[in-house]
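Taking it in order: structure first as C-alpha cells, then the write-up.
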Amino acid sequence: MLKDITLGQYFPGKTVVHRLDPRTKLVLMIAYITALFIAKGLFAYLFMFAVLLTCLTISKIKPKAILRGLRPVFIIIIFTVVLNIFFIRGETILFKYGIIEITAEGVITAVFMASRLMMLIVSTFLLTYTTSPIALTNGLEKMLNPLKKIKLPVHEFAMMMSIALRFIPTLIEETDKIISAQKSRGADFETGGLIKRAKSVLPIIVPLFISAFRRADELATAMESRCYHGGEGRTSMKVLRLSPIDYIALLFGAAIVASVILLGIYTN
Amino acid sequence: MPIIKTEKLTHTYSSGTPFERVAIRDIDFEAERGEYIGIIGATGSGKSTFIQHLNGLLKPTSGNVYFDGVDIHESKHHTKEIRTKVGLVFQYPEYQLFEATVFEDIAFGPKNMGISETDLKERVYEAAGFVGLSEDFMEKSPFELSGGEKRRAAIAGVIAMHPEVLILDEPTAGLDPRGQAEIIHNIMNYKNSRDATIILVTHNMEEIARNVDKIFLLRNSYLIDKGTPAEIFSDAEKLSSMGLKAPTAAIIATRLRALGLPVKEGIYTQNQLREELNAIKTKGGANA
C-alpha cells in the first residue's frame with residue numbers, strides 16, 4: 001500500500017538528540033556532511049562511522065527504520081559502486097576480460113564512495129527522524145531570518161514548506177481511495193503496454209488534482225478568516241532558544257570537523 | 001443460495017508493524033438475491049473495511065468471501081469479474097469524476113468491461129435514467145453540476161455496470177433532505193427493476209428504518225447483532241450505548257411505553273407510530 005512509504009518520517013522520542021534545537025541539528029548535519037567530504041583515508045572514514053553510530057545509538061533510532069529508509073536509494077548506491085569499479089583505471093589489475101578491467105584502486109574507490117554516500121544519507125535521517133516537520137521548518141525559518149534584509153519572503157517559504165509536509169499523508173490517503181474507487185469501476189492499472197498504462201493514470205490524476213486545488217482553496221479561506229497575513233510582526237508559540245546542551249553539541253561538532261582535518265594532515 | 005456470503009472474515013491493517021490494527025474480526029455475513037440490507041455501526045467500527053472485501057478490493061487476512069457460492073479470490077481474473085458484478089459506491093463518490101462529460105464518466109465502467117459502442121449508449125442513458133439525470137446533462141462537464149447531481153452521476157457510473165449487488169457507503173452524507181430522499185428513491189428504483197441486492201452503509205437510522213429487510217450491526221470490528229429493523233430497533237438503549245441512535249419513532253415508542261401507554265413493541269417508523277397511536281386513541285375513546 002502507498003501508506004507504507006516513509007517520507008522523512010518523524011519518530012517521536014525524548015532522547016538528547018530529540019531535545020536539541022532544530023537549528024543545532026541542521027548546523028551539525030551540514031558540518032557532518034562537510035567533514036565527510038574532507039575525510040580522506042581509512043582512519044578518517046572509520047572515525048566518521050563511529051561518530052554516526054554513536055549518534056544513532058543515543059537517538060535510539062531502530063536499525064530497521066534506517067534500513068527501510070535506505071531501500072529507495074539502494075539503486076543509486078549500487079550504480080555508483082558499479083560505475084567506480086569499471087571506470088576507474090589503476091595499476092593493480094585484479095581481473096581482465098576483453099575491454100573490461102577491474103583494478104584494486106577502482107574497488108577501493110567504490111567502497112569509499114558507497115560508504116560515504118550511505119553515511120551522508122543516514123546522517124540526514126538522524127535529523128528528520130528526530131525532528132518533527134514543524135520544528136524543522138521553524139528552525140529553518142529562524143536560520144534564514146537574516147535573508148529578510150534582502151527582501152526574501154523567508155516566512156512564506158517556511159509556511160509553504162510546512163503546509164506541503166502536512167499534506168503529504170493526506171494526499172497519499174486520498175490517492176489510495178481514488179485508486180480503490182476506480183478499480184471498483186473496473187479500471188485496470190496493472191496490465192497493458194506503456195501507452196495504455198500512462199492513460200490509465202488519468203482517472204487518478206484528474207480527481208487528485210481537483211481535490212488538491214479544492215483543499216488549497218479551503219485552507220486559504222480558513223487561514224484568511226483567522227486573519228493570517230504573512231510573517232510581519234508574527235510571534236510564535238514555541239520560541240526557539242539554544243540551551244546548554246545545544247552549545248555542548250555544537251562544540252562536539254566543531255571538534256569532530258577539526259579532528260577530521262587534522263587526521264587528513266597527519267596521515268598524508 | 002446466498003448471492004454473497006462471508007465466512008470468518010478478518011482483516012488486519014499494516015500487519016507485522018507497530019501500526020498493526022485489526023479492522024474486522026470473524027465476520028459471518030449473508031445476503032440473498034434481491035434483499036435490501038443495512039449495515040450500521042459507529043465511526044471506526046469496520047464498516048468500510050468490510051464492504052471493500054465484498055468486491056475483492058481488499059484481500060482478507062483470513063476467512064473467505066463467496067459470490068454465488070464461488071470464492072471471489074479463486075483467480076485474479078475472477079476477482080476482476082466480481083468487481084463488475086458487485087458494484088461499490090464509495091463515500092463522496094463525486095470526487096472520483098474525471099471525464100470531460102457526464103456521458104463519458106458514466107461510460108467509464110462499462111467501457112472497462114468491454115461493452116460494445118451501441119450497447120454502451122443504451123446502458124449510459126438507462127443508468128442516468130435510474131438516478132434521474134435527463135439527457136441534457138449528458139454533454140455537460142461533471143464539474144458544472146450541483147453537489148447532488150454530481151453524486152447521482154457518480155452512482156450512475158456504477159449502476160451502468162449492471163451490478164447484481166450494489167453497495168453504497170453513506171450515499172446521502174452531506175446532502176440536503178431533498179437530495180437524500182432522491183438518492184434513496186433512485187436506489188429503490190434500481191433494486192426493483194433489476195431484482196438487485198442492495199447493501200447500504202449508513203449512520204442515518206431513519207433512512208434504514210424505512211427501507212431495509214435486514215440490519216447488520218458492527219461494533220469495534222465485531223459483528224455483534226443482526227436481524228430485522230423491528231428486532232434491532234426494539235432496544236433503543238442498547239443502540240445509544242454504542243454511540244448510535246435508534247429512529248426517532250422507536251425512541252418515542254419506548255418512552256411512551258415507559259410512561260405506561262400500551263404501545264406495542266417493534267415500532268420504528270413514523271407511519272407505524274401514527275397508526276398505533278390512532279389505534280390506542282380510538283380504543284381509549286371506546287373504553288371511556
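Scheme for the C-alpha cells: letters A, B, ... for chains in order shown; per-chain residue numbers from 1; ligand numbers from 1 in order shown.
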Could you build a table of the residues in chain B lying no more than 9 Å from chain A, giving for each the nearest pair of atoms and their separation in Å rounded to one decimal place, using only C-alpha atoms, ordered by chain and ascending residue number, as a Markdown table?
```
| residue | atom | partner | partner_atom | distance |
| --- | --- | --- | --- | --- |
| B:Ser14 | CA | A:Asp4 | CA | 8.0 |
| B:Gln52 | CA | A:Ser180 | CA | 8.7 |
| B:Asn55 | CA | A:Ser184 | CA | 7.5 |
| B:Gly56 | CA | A:Ser184 | CA | 8.9 |
| B:Leu57 | CA | A:Ser180 | CA | 6.7 |
| B:Lys80 | CA | A:Gly186 | CA | 7.1 |
| B:Glu81 | CA | A:Gly186 | CA | 8.3 |
| B:Arg83 | CA | A:Ser184 | CA | 5.6 |
| B:Thr84 | CA | A:Gly186 | CA | 6.5 |
| B:Val86 | CA | A:Ser184 | CA | 8.5 |
| B:Gly87 | CA | A:Ser184 | CA | 6.8 |
| B:Leu88 | CA | A:Ser184 | CA | 6.1 |
| B:Val89 | CA | A:Ala181 | CA | 7.5 |
| B:Phe90 | CA | A:Ala181 | CA | 6.5 |
| B:Pro93 | CA | A:Ala181 | CA | 8.0 |
| B:Tyr95 | CA | A:Pro207 | CA | 6.1 |
| B:Gln96 | CA | A:Pro207 | CA | 5.5 |
| B:Leu97 | CA | A:Pro207 | CA | 6.5 |
| B:Phe98 | CA | A:Val206 | CA | 5.6 |
| B:Glu99 | CA | A:Pro203 | CA | 7.8 |
| B:Phe108 | CA | A:Arg185 | CA | 7.3 |
| B:Gly109 | CA | A:Arg185 | CA | 4.7 |
| B:Pro110 | CA | A:Arg185 | CA | 8.1 |
| B:Lys111 | CA | A:Gly186 | CA | 8.7 |
| B:Asn112 | CA | A:Gly186 | CA | 5.5 |
| B:Met113 | CA | A:Gly186 | CA | 6.7 |
| B:Gly157 | CA | A:Arg185 | CA | 7.7 |
| B:Val158 | CA | A:Arg185 | CA | 6.4 |
| B:Met161 | CA | A:Arg185 | CA | 7.9 |
```
Exercise. Could you give me, as number ranges by chain, each residue of range 9-250 of chain A that DSSP assigns to alpha helix (DSSP H) when run on this structure's backbone?
Key: A: 16-19, 22-38, 41-59, 63-70, 74-87, 104-130, 133-144, 154-184, 194-200, 202-225, 244-250
Quiz item: So which residues touch Asn145 in chain A within 12 Å, counting only C-alpha atoms, skipping near sequence neighbours fewer than 4 positions away, as a list of chain:residue names?
Solution: A:Thr137, A:Asn138, A:Gly139, A:Leu140, A:Glu141, A:Lys149, A:Ile150, A:Lys151, A:Leu152, A:Pro153, A:Val154, A:His155, A:Glu156, A:Phe157, A:Ala158, A:Gly231, A:Glu232
Exercise. May I have the residues within 10 Å of Thr80 in chain A as an MDAnalysis selection string, using only C-alpha atoms and disregarding those fewer than 3 positions away in the same chain?
Key: chainID A and resid 74:77 83:85 110:111 113:114 117
Would you kindly return, as a PDB file with C-alpha atoms, in the first residue's frame, each protein, DNA or RNA residue with an atom no farther than 6 Å from any atom of range 175-188 of chain B, considering only C-alpha atoms and excluding same-chain residues fewer than 6 positions away?
```pdb
ATOM      1  CA  PHE B 130     -32.231   5.476 -12.804  1.00  0.00           C
ATOM      2  CA  VAL B 131     -30.684   8.410 -10.974  1.00  0.00           C
ATOM      3  CA  GLY B 148     -26.413  16.321  -5.506  1.00  0.00           C
TER       4      GLY B 148
END
```
Any idea what's packed within 8 Å of His203 in chain B, counting only C-alpha atoms, ignoring anything in its chain fewer than 6 positions away? Could you give it as a PDB file with all heavy atoms, in the first residue's frame?
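File out-v9.pdb, as written:
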```pdb
ATOM      1  N   ILE B  40     -24.941  -0.971   9.927  1.00  0.00           N
ATOM      2  CA  ILE B  40     -24.770   0.206  10.775  1.00  0.00           C
ATOM      3  C   ILE B  40     -23.675  -0.047  11.796  1.00  0.00           C
ATOM      4  O   ILE B  40     -23.328  -1.187  12.099  1.00  0.00           O
ATOM      5  CB  ILE B  40     -26.079   0.631  11.481  1.00  0.00           C
ATOM      6  CG1 ILE B  40     -26.633  -0.494  12.326  1.00  0.00           C
ATOM      7  CG2 ILE B  40     -27.096   1.104  10.471  1.00  0.00           C
ATOM      8  CD1 ILE B  40     -27.880  -0.105  13.099  1.00  0.00           C
ATOM      9  N   GLY B  41     -23.128   1.036  12.289  1.00  0.00           N
ATOM     10  CA  GLY B  41     -22.054   0.959  13.269  1.00  0.00           C
ATOM     11  C   GLY B  41     -21.423   2.322  13.386  1.00  0.00           C
ATOM     12  O   GLY B  41     -21.482   3.105  12.451  1.00  0.00           O
ATOM     13  N   ALA B  42     -20.809   2.594  14.528  1.00  0.00           N
ATOM     14  CA  ALA B  42     -20.196   3.905  14.742  1.00  0.00           C
ATOM     15  C   ALA B  42     -18.958   4.053  13.857  1.00  0.00           C
ATOM     16  O   ALA B  42     -18.486   3.079  13.268  1.00  0.00           O
ATOM     17  CB  ALA B  42     -19.825   4.066  16.205  1.00  0.00           C
ATOM     18  N   GLU B 170     -22.551   5.340   2.762  1.00  0.00           N
ATOM     19  CA  GLU B 170     -23.073   6.664   3.119  1.00  0.00           C
ATOM     20  C   GLU B 170     -23.469   7.483   1.894  1.00  0.00           C
ATOM     21  O   GLU B 170     -22.933   8.579   1.688  1.00  0.00           O
ATOM     22  CB  GLU B 170     -22.010   7.448   3.889  1.00  0.00           C
ATOM     23  CG  GLU B 170     -21.527   6.745   5.117  1.00  0.00           C
ATOM     24  CD  GLU B 170     -22.181   7.280   6.378  1.00  0.00           C
ATOM     25  OE1 GLU B 170     -23.049   8.158   6.282  1.00  0.00           O
ATOM     26  OE2 GLU B 170     -21.833   6.781   7.449  1.00  0.00           O
ATOM     27  N   LEU B 244     -24.888   4.938  18.749  1.00  0.00           N
ATOM     28  CA  LEU B 244     -25.843   5.050  17.643  1.00  0.00           C
ATOM     29  C   LEU B 244     -27.182   5.484  18.214  1.00  0.00           C
ATOM     30  O   LEU B 244     -27.425   5.381  19.403  1.00  0.00           O
ATOM     31  CB  LEU B 244     -26.001   3.704  16.947  1.00  0.00           C
ATOM     32  CG  LEU B 244     -24.758   3.163  16.263  1.00  0.00           C
ATOM     33  CD1 LEU B 244     -24.961   1.721  15.888  1.00  0.00           C
ATOM     34  CD2 LEU B 244     -24.435   3.990  15.041  1.00  0.00           C
TER      35      LEU B 244
END
```
Quiz item: With only C-alpha atoms as the basis for distance, which of A:Tyr228, A:Phe125, A:Phe112, A:Phe87 is at the shortest distance from Pro63 in chain A?
Solution: A:Phe125
Quiz item: Near range 249-262 of chain B, within 8 Å and counting only C-alpha atoms, which residues show up once chain neighbours fewer than 4 positions away are dropped, as a count of residues only?
Solution: 10
Practice problem: Could you jot down the CA of Ile51 in chain B to CA of Ile167 in chain B separation for me, Å, one decimal place? | Solution: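 Computing it gives 7.4 Å between the two atoms.
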Practice problem: Using backbone DSSP assignments, extract all strand (DSSP E or B) residues from range 172-272 of chain B; output them as a PyMOL selection string. | Solution: chain B and resi 197-201+214-219+222-227
